[in-house]
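Encoded as structure tokens, the structure appears first; notes follow it.
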Amino acid sequence: MAVPPSLPGSFPAIRLRRPRMQAWSRELVAEHVLSPANLIWPVFIQDGEKLETPVAAMPGVSRVSVDVLVEKAKQAAALGIKAIALFPKVDEKLKSPLADEALFPDNLVCRAIRALKEQVPELGVIADVALDPYTDHGHDGIVEHGHVANDKTVAVLCKQAVVLAKAGCDIVAPSDMMDGRIGAIRAALDGAEHGNTQILAYSAKYASSFYGPFREAVDSAKFLGAADKRSYQMDTANGDEAMREIAMDIAEGADFVMVKPGISYLDIVYRAASGFQVPVFAYQVSGEYAMIKAAGMQGWINAEAAMMESLLSFRRAGARAIFTYAALEVAALLKR
Ligand code: PBG
């Protein structure tokens with residue numbers, strides 16, 4: 001990823017268009033490729049049976065019950081996708097100030113993990129460590145005196161991570177942005193004999209407007225209300241700070257680090273991938289997906305081509321794997 005030295009030579013001896021003239025030649029010199037093995041599929045899940053509820057702000061995306069999830073996961077695995085990430089819509093009755101449901105070993109996410117590991121064992125399963133699906137105020141942590149309390153939240157996150165690992169989760173993914181949570185979760189997993197459970201740290205997660213459709217999909221927007229997550233998610237203005245977050249998470253035991261959102265933060269992906277010897281993942285978030293789909297539906301862009309272009313840009317920036325809601329359709333296109 002180093003900046004290449006400037007190459008000698010000048011026009012007309014050098015004509016950079018020459019290798020661009022034919023498709024075979026373009027492919028021969030392509031510096032980056034997109035493969036289904038680079039894709040991680042985030043899926044919204046809900047209680048019930050045989051349910052597939054379309055998410056209005058995300059054309060082509062549905063929230064599914066666990067039985068449907070298993071069938072879709074089989075398709076994903078057959079297309080060469082390596083991992084799936086679960087995001088639950090938690091029933092309003094089950095939400096509480098202290099997120100108790102997050103620690104219930106038979107909650108929706110744990111049931112989904114068990115079903116997947118039984119029926120599609122070759123597919124990696126990733127689950128978020130964060131309390132926002134479970135709190136009645138919509139924050140990712142425990143609120144005390146009007147603030148999200150860091151250390152109390154971390155204590156609960158450790159328990160949540162162990163509950164997920166016990167259900168069979170392969171990768172726990174703390175997306176809460178509390179300080180010190182990676183080290184604490186690593187220690188909790190190791191102490192519970194889950195030393196092989198991997199940690200994907202959402203190290204550089206920004207307080208972004210591009211999460212809107214996600215909050216509709218899991219129905220968390222109305223609980224968060226007018227509040228925002230700026231006291232824990234990162235400020236868009238900052239890049240160096242992301243490098244500090246990443247360095248700390250690696251030191252605390254992260255196996256992989258995440259940059260999120262993706263397309264407006266490719267400079268962060270690039271800096272992370274160039275600066276650290278750790279796999280960097282990036283998240284093409286709900287708002288990015290929605291924008292491409294919406295413009296496509298208007299006939300303003302070719303959504304299929306734009307999706308491919310966006311995902312290949314992530315790879316060029318240095319992302320090893322990419323979370324995308326389009327994983328299934330993209331993997332099918334790549335297979336053709
Ligand atoms: C919650 C979480 C969010 C997303 C993933 N995990 C939303 C948020 O932080 O409010 C957003 C993903 C997306 O927009 O696709 N911890």
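Chain labels A, B, ... are given in the sequence in which chains occur in the structure tokens; within each chain residues are numbered consecutively from 1, and ligands are likewise numbered from 1 in the order shown.
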*At most 7 Å from ligand 1 (only C-alpha atoms and all ligand atoms): residue list as number ranges by chain*: A: 128, 130, 132, 140, 175-176, 210-215, 284-287
_Please identify the strand (DSSP E or B) residues within range 33-202 of chain A (assignment by DSSP from backbone atoms) and present them as a ChimeraX atom specification._
/A:39-45,52-54,62-64,83-88,96,124-129,135,143-144,147-148,171-174,198-202
_Between CA of Val29 in chain A and CA of Ala273 in chain A, distance in Å (one decimal)_ = 21.9 Å
_as a ChimeraX atom specification, please: the residues near Phe104 in chain A (cut-off 9 Å, only C-alpha atoms, same-chain neighbours under 3 positions excluded)._
/A:100-101,107,110,160,163
Would you write out those residues with N, CA and C atoms, as a CSV table (one decimal), in the first residue's frame?
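See again_3.csv below for the written result:
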```
chain,number,residue,atom,x,y,z
A,100,ASP,N,-31.8,-6.0,30.1
A,100,ASP,CA,-31.7,-7.4,30.7
A,100,ASP,C,-31.8,-8.5,29.6
A,101,GLU,N,-32.7,-8.2,28.6
A,101,GLU,CA,-32.9,-9.3,27.6
A,101,GLU,C,-31.6,-9.6,26.8
A,107,ASN,N,-32.5,-15.6,24.1
A,107,ASN,CA,-33.0,-14.5,23.3
A,107,ASN,C,-33.0,-14.7,21.8
A,110,CYS,N,-29.5,-15.3,20.2
A,110,CYS,CA,-28.9,-16.6,20.6
A,110,CYS,C,-29.6,-17.8,19.9
A,160,GLN,N,-22.8,-9.9,27.9
A,160,GLN,CA,-23.5,-10.2,26.7
A,160,GLN,C,-22.6,-11.0,25.7
A,163,VAL,N,-22.5,-14.6,26.7
A,163,VAL,CA,-23.8,-15.2,26.3
A,163,VAL,C,-23.8,-15.6,24.8
```
*Go through A:Cys169, A:Val90, A:Ile246, A:Ile45 and flag the residue nearest Pro133 in chain A, using only C-alpha atoms for the distances.*
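Answer, going by the shortest atom-to-atom distance: A:Val90.
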*asked:* Calculated over only C-alpha atoms, which of the candidates A:Leu333, A:Ala56, A:Ala201, A:Val109 has the smallest distance to Pro279 in chain A?
replied: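 Answer, going by the shortest atom-to-atom distance: A:Ala201.
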*List the neighbours of Tyr289 in chain A out to 9 Å using only C-alpha atoms; skip same-chain residues closer than 2 positions along the sequence, and give me the result as number ranges by chain.*
A: 58-59, 284-287, 291-294, 307, 324-326
Write the residues you've just listed into a file as a PDB file, in the first residue's frame, and include N, CA and C atoms for each of them.
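Resulting contents of part-v7.pdb:
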```pdb
ATOM      1  N   MET A  58     -35.020   0.351   2.611  1.00  0.00           N
ATOM      2  CA  MET A  58     -33.923  -0.447   2.047  1.00  0.00           C
ATOM      3  C   MET A  58     -34.472  -1.438   1.018  1.00  0.00           C
ATOM      4  N   PRO A  59     -34.764  -0.940  -0.192  1.00  0.00           N
ATOM      5  CA  PRO A  59     -35.361  -1.808  -1.214  1.00  0.00           C
ATOM      6  C   PRO A  59     -34.553  -3.085  -1.412  1.00  0.00           C
ATOM      7  N   GLN A 284     -20.457  -0.965   4.589  1.00  0.00           N
ATOM      8  CA  GLN A 284     -21.297  -0.149   3.708  1.00  0.00           C
ATOM      9  C   GLN A 284     -22.657  -0.103   4.397  1.00  0.00           C
ATOM     10  N   VAL A 285     -22.940   1.006   5.066  1.00  0.00           N
ATOM     11  CA  VAL A 285     -24.083   1.030   5.984  1.00  0.00           C
ATOM     12  C   VAL A 285     -25.409   1.238   5.250  1.00  0.00           C
ATOM     13  N   SER A 286     -26.465   1.165   6.037  1.00  0.00           N
ATOM     14  CA  SER A 286     -27.821   1.181   5.491  1.00  0.00           C
ATOM     15  C   SER A 286     -28.091   2.389   4.589  1.00  0.00           C
ATOM     16  N   GLY A 287     -27.629   3.565   5.000  1.00  0.00           N
ATOM     17  CA  GLY A 287     -27.886   4.777   4.214  1.00  0.00           C
ATOM     18  C   GLY A 287     -27.159   4.761   2.876  1.00  0.00           C
ATOM     19  N   MET A 291     -29.169   4.845  -0.670  1.00  0.00           N
ATOM     20  CA  MET A 291     -28.945   5.890  -1.674  1.00  0.00           C
ATOM     21  C   MET A 291     -28.723   5.280  -3.055  1.00  0.00           C
ATOM     22  N   ILE A 292     -27.917   4.225  -3.100  1.00  0.00           N
ATOM     23  CA  ILE A 292     -27.642   3.589  -4.397  1.00  0.00           C
ATOM     24  C   ILE A 292     -28.938   2.999  -4.968  1.00  0.00           C
ATOM     25  N   LYS A 293     -29.691   2.302  -4.119  1.00  0.00           N
ATOM     26  CA  LYS A 293     -30.934   1.678  -4.579  1.00  0.00           C
ATOM     27  C   LYS A 293     -31.956   2.727  -5.024  1.00  0.00           C
ATOM     28  N   ALA A 294     -32.076   3.786  -4.231  1.00  0.00           N
ATOM     29  CA  ALA A 294     -33.085   4.810  -4.528  1.00  0.00           C
ATOM     30  C   ALA A 294     -32.779   5.498  -5.858  1.00  0.00           C
ATOM     31  N   MET A 307     -23.209  -0.226  -7.305  1.00  0.00           N
ATOM     32  CA  MET A 307     -22.938  -1.065  -6.138  1.00  0.00           C
ATOM     33  C   MET A 307     -21.576  -1.739  -6.274  1.00  0.00           C
ATOM     34  N   THR A 324     -22.043  -5.677   3.625  1.00  0.00           N
ATOM     35  CA  THR A 324     -22.972  -5.032   2.697  1.00  0.00           C
ATOM     36  C   THR A 324     -24.299  -5.773   2.664  1.00  0.00           C
ATOM     37  N   TYR A 325     -25.379  -4.990   2.666  1.00  0.00           N
ATOM     38  CA  TYR A 325     -26.724  -5.568   2.578  1.00  0.00           C
ATOM     39  C   TYR A 325     -26.967  -6.173   1.209  1.00  0.00           C
ATOM     40  N   ALA A 326     -26.095  -5.822   0.257  1.00  0.00           N
ATOM     41  CA  ALA A 326     -26.241  -6.340  -1.104  1.00  0.00           C
ATOM     42  C   ALA A 326     -25.435  -7.620  -1.317  1.00  0.00           C
TER      43      ALA A 326
END
```
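Shortest atom-to-atom contact with Asn150 in chain A among A:Ala303, A:Val172, A:Ala319, A:Met178: A:Met178, counting only C-alpha atoms.
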_Please list as a list in words every residue within 12 Å of Asp267 in chain A, counting only C-alpha atoms and excluding residues in the same chain fewer than 3 positions away._
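Everything that qualifies: Ala204, Thr236, Asn238, Gly239, Asp240, Ala242, Met243, Val259, Lys260, Pro261, Gly262, Ile263, Ser264, Tyr270, Arg271, Ala272, Ala273, Ser274, Gly275, Ala282, Ser313, Phe314, Arg316, Ala317, Gly318 and Ala319 of chain A.
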Could you save the residues just selected, with N, CA and C atoms, as a PDB file, in the first residue's frame?
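Output saved as out_0.pdb:
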```pdb
ATOM      1  N   ALA A 204     -13.456   2.321  14.689  1.00  0.00           N
ATOM      2  CA  ALA A 204     -13.727   3.671  14.205  1.00  0.00           C
ATOM      3  C   ALA A 204     -15.152   3.719  13.686  1.00  0.00           C
ATOM      4  N   THR A 236     -17.133  13.038  12.942  1.00  0.00           N
ATOM      5  CA  THR A 236     -16.755  12.979  11.525  1.00  0.00           C
ATOM      6  C   THR A 236     -15.486  13.779  11.211  1.00  0.00           C
ATOM      7  N   ASN A 238     -12.722  13.837  12.603  1.00  0.00           N
ATOM      8  CA  ASN A 238     -11.445  13.299  13.098  1.00  0.00           C
ATOM      9  C   ASN A 238     -10.952  12.050  12.377  1.00  0.00           C
ATOM     10  N   GLY A 239      -9.663  12.060  12.022  1.00  0.00           N
ATOM     11  CA  GLY A 239      -9.006  10.911  11.423  1.00  0.00           C
ATOM     12  C   GLY A 239      -7.925  10.340  12.338  1.00  0.00           C
ATOM     13  N   ASP A 240      -7.088  11.210  12.904  1.00  0.00           N
ATOM     14  CA  ASP A 240      -6.024  10.741  13.805  1.00  0.00           C
ATOM     15  C   ASP A 240      -6.615   9.972  14.980  1.00  0.00           C
ATOM     16  N   ALA A 242      -9.190   8.188  15.038  1.00  0.00           N
ATOM     17  CA  ALA A 242      -9.553   6.825  14.622  1.00  0.00           C
ATOM     18  C   ALA A 242      -8.336   5.912  14.709  1.00  0.00           C
ATOM     19  N   MET A 243      -7.166   6.453  14.360  1.00  0.00           N
ATOM     20  CA  MET A 243      -5.943   5.635  14.426  1.00  0.00           C
ATOM     21  C   MET A 243      -5.630   5.273  15.884  1.00  0.00           C
ATOM     22  N   VAL A 259     -14.090  -0.098  10.193  1.00  0.00           N
ATOM     23  CA  VAL A 259     -14.354   1.320   9.945  1.00  0.00           C
ATOM     24  C   VAL A 259     -15.787   1.419   9.450  1.00  0.00           C
ATOM     25  N   LYS A 260     -16.528   2.377  10.002  1.00  0.00           N
ATOM     26  CA  LYS A 260     -17.955   2.474   9.697  1.00  0.00           C
ATOM     27  C   LYS A 260     -18.446   3.901   9.888  1.00  0.00           C
ATOM     28  N   PRO A 261     -19.221   4.462   8.960  1.00  0.00           N
ATOM     29  CA  PRO A 261     -19.600   3.945   7.640  1.00  0.00           C
ATOM     30  C   PRO A 261     -18.392   3.757   6.713  1.00  0.00           C
ATOM     31  N   GLY A 262     -18.714   3.394   5.447  1.00  0.00           N
ATOM     32  CA  GLY A 262     -17.657   3.096   4.512  1.00  0.00           C
ATOM     33  C   GLY A 262     -17.329   4.227   3.561  1.00  0.00           C
ATOM     34  N   ILE A 263     -18.253   4.515   2.652  1.00  0.00           N
ATOM     35  CA  ILE A 263     -17.878   5.297   1.480  1.00  0.00           C
ATOM     36  C   ILE A 263     -17.388   6.706   1.824  1.00  0.00           C
ATOM     37  N   SER A 264     -17.927   7.332   2.857  1.00  0.00           N
ATOM     38  CA  SER A 264     -17.446   8.673   3.215  1.00  0.00           C
ATOM     39  C   SER A 264     -16.211   8.610   4.088  1.00  0.00           C
ATOM     40  N   TYR A 270      -8.185   3.447   4.362  1.00  0.00           N
ATOM     41  CA  TYR A 270      -6.849   3.427   3.761  1.00  0.00           C
ATOM     42  C   TYR A 270      -5.754   3.615   4.815  1.00  0.00           C
ATOM     43  N   ARG A 271      -5.963   4.575   5.692  1.00  0.00           N
ATOM     44  CA  ARG A 271      -4.948   4.811   6.742  1.00  0.00           C
ATOM     45  C   ARG A 271      -4.843   3.602   7.668  1.00  0.00           C
ATOM     46  N   ALA A 272      -5.965   3.010   7.998  1.00  0.00           N
ATOM     47  CA  ALA A 272      -5.952   1.853   8.907  1.00  0.00           C
ATOM     48  C   ALA A 272      -5.221   0.683   8.254  1.00  0.00           C
ATOM     49  N   ALA A 273      -5.548   0.423   6.979  1.00  0.00           N
ATOM     50  CA  ALA A 273      -4.952  -0.723   6.290  1.00  0.00           C
ATOM     51  C   ALA A 273      -3.461  -0.500   6.033  1.00  0.00           C
ATOM     52  N   SER A 274      -3.054   0.747   5.818  1.00  0.00           N
ATOM     53  CA  SER A 274      -1.631   1.016   5.575  1.00  0.00           C
ATOM     54  C   SER A 274      -0.843   1.052   6.875  1.00  0.00           C
ATOM     55  N   GLY A 275      -1.512   1.445   7.953  1.00  0.00           N
ATOM     56  CA  GLY A 275      -0.780   1.706   9.190  1.00  0.00           C
ATOM     57  C   GLY A 275      -0.694   0.543  10.156  1.00  0.00           C
ATOM     58  N   ALA A 282     -14.732  -2.985   6.546  1.00  0.00           N
ATOM     59  CA  ALA A 282     -15.489  -1.743   6.419  1.00  0.00           C
ATOM     60  C   ALA A 282     -16.962  -2.079   6.237  1.00  0.00           C
ATOM     61  N   SER A 313     -14.273  -0.068  -4.555  1.00  0.00           N
ATOM     62  CA  SER A 313     -13.546   1.060  -3.962  1.00  0.00           C
ATOM     63  C   SER A 313     -13.114   0.747  -2.528  1.00  0.00           C
ATOM     64  N   PHE A 314     -13.964   0.024  -1.814  1.00  0.00           N
ATOM     65  CA  PHE A 314     -13.595  -0.389  -0.451  1.00  0.00           C
ATOM     66  C   PHE A 314     -12.348  -1.264  -0.499  1.00  0.00           C
ATOM     67  N   ARG A 316     -10.071  -1.328  -2.868  1.00  0.00           N
ATOM     68  CA  ARG A 316      -8.918  -0.518  -3.272  1.00  0.00           C
ATOM     69  C   ARG A 316      -8.370   0.271  -2.093  1.00  0.00           C
ATOM     70  N   ALA A 317      -9.276   0.724  -1.225  1.00  0.00           N
ATOM     71  CA  ALA A 317      -8.846   1.482  -0.045  1.00  0.00           C
ATOM     72  C   ALA A 317      -8.148   0.588   0.974  1.00  0.00           C
ATOM     73  N   GLY A 318      -8.340  -0.722   0.852  1.00  0.00           N
ATOM     74  CA  GLY A 318      -7.617  -1.623   1.753  1.00  0.00           C
ATOM     75  C   GLY A 318      -8.495  -2.496   2.631  1.00  0.00           C
ATOM     76  N   ALA A 319      -9.811  -2.447   2.436  1.00  0.00           N
ATOM     77  CA  ALA A 319     -10.690  -3.290   3.257  1.00  0.00           C
ATOM     78  C   ALA A 319     -10.525  -4.748   2.865  1.00  0.00           C
TER      79      ALA A 319
END
```
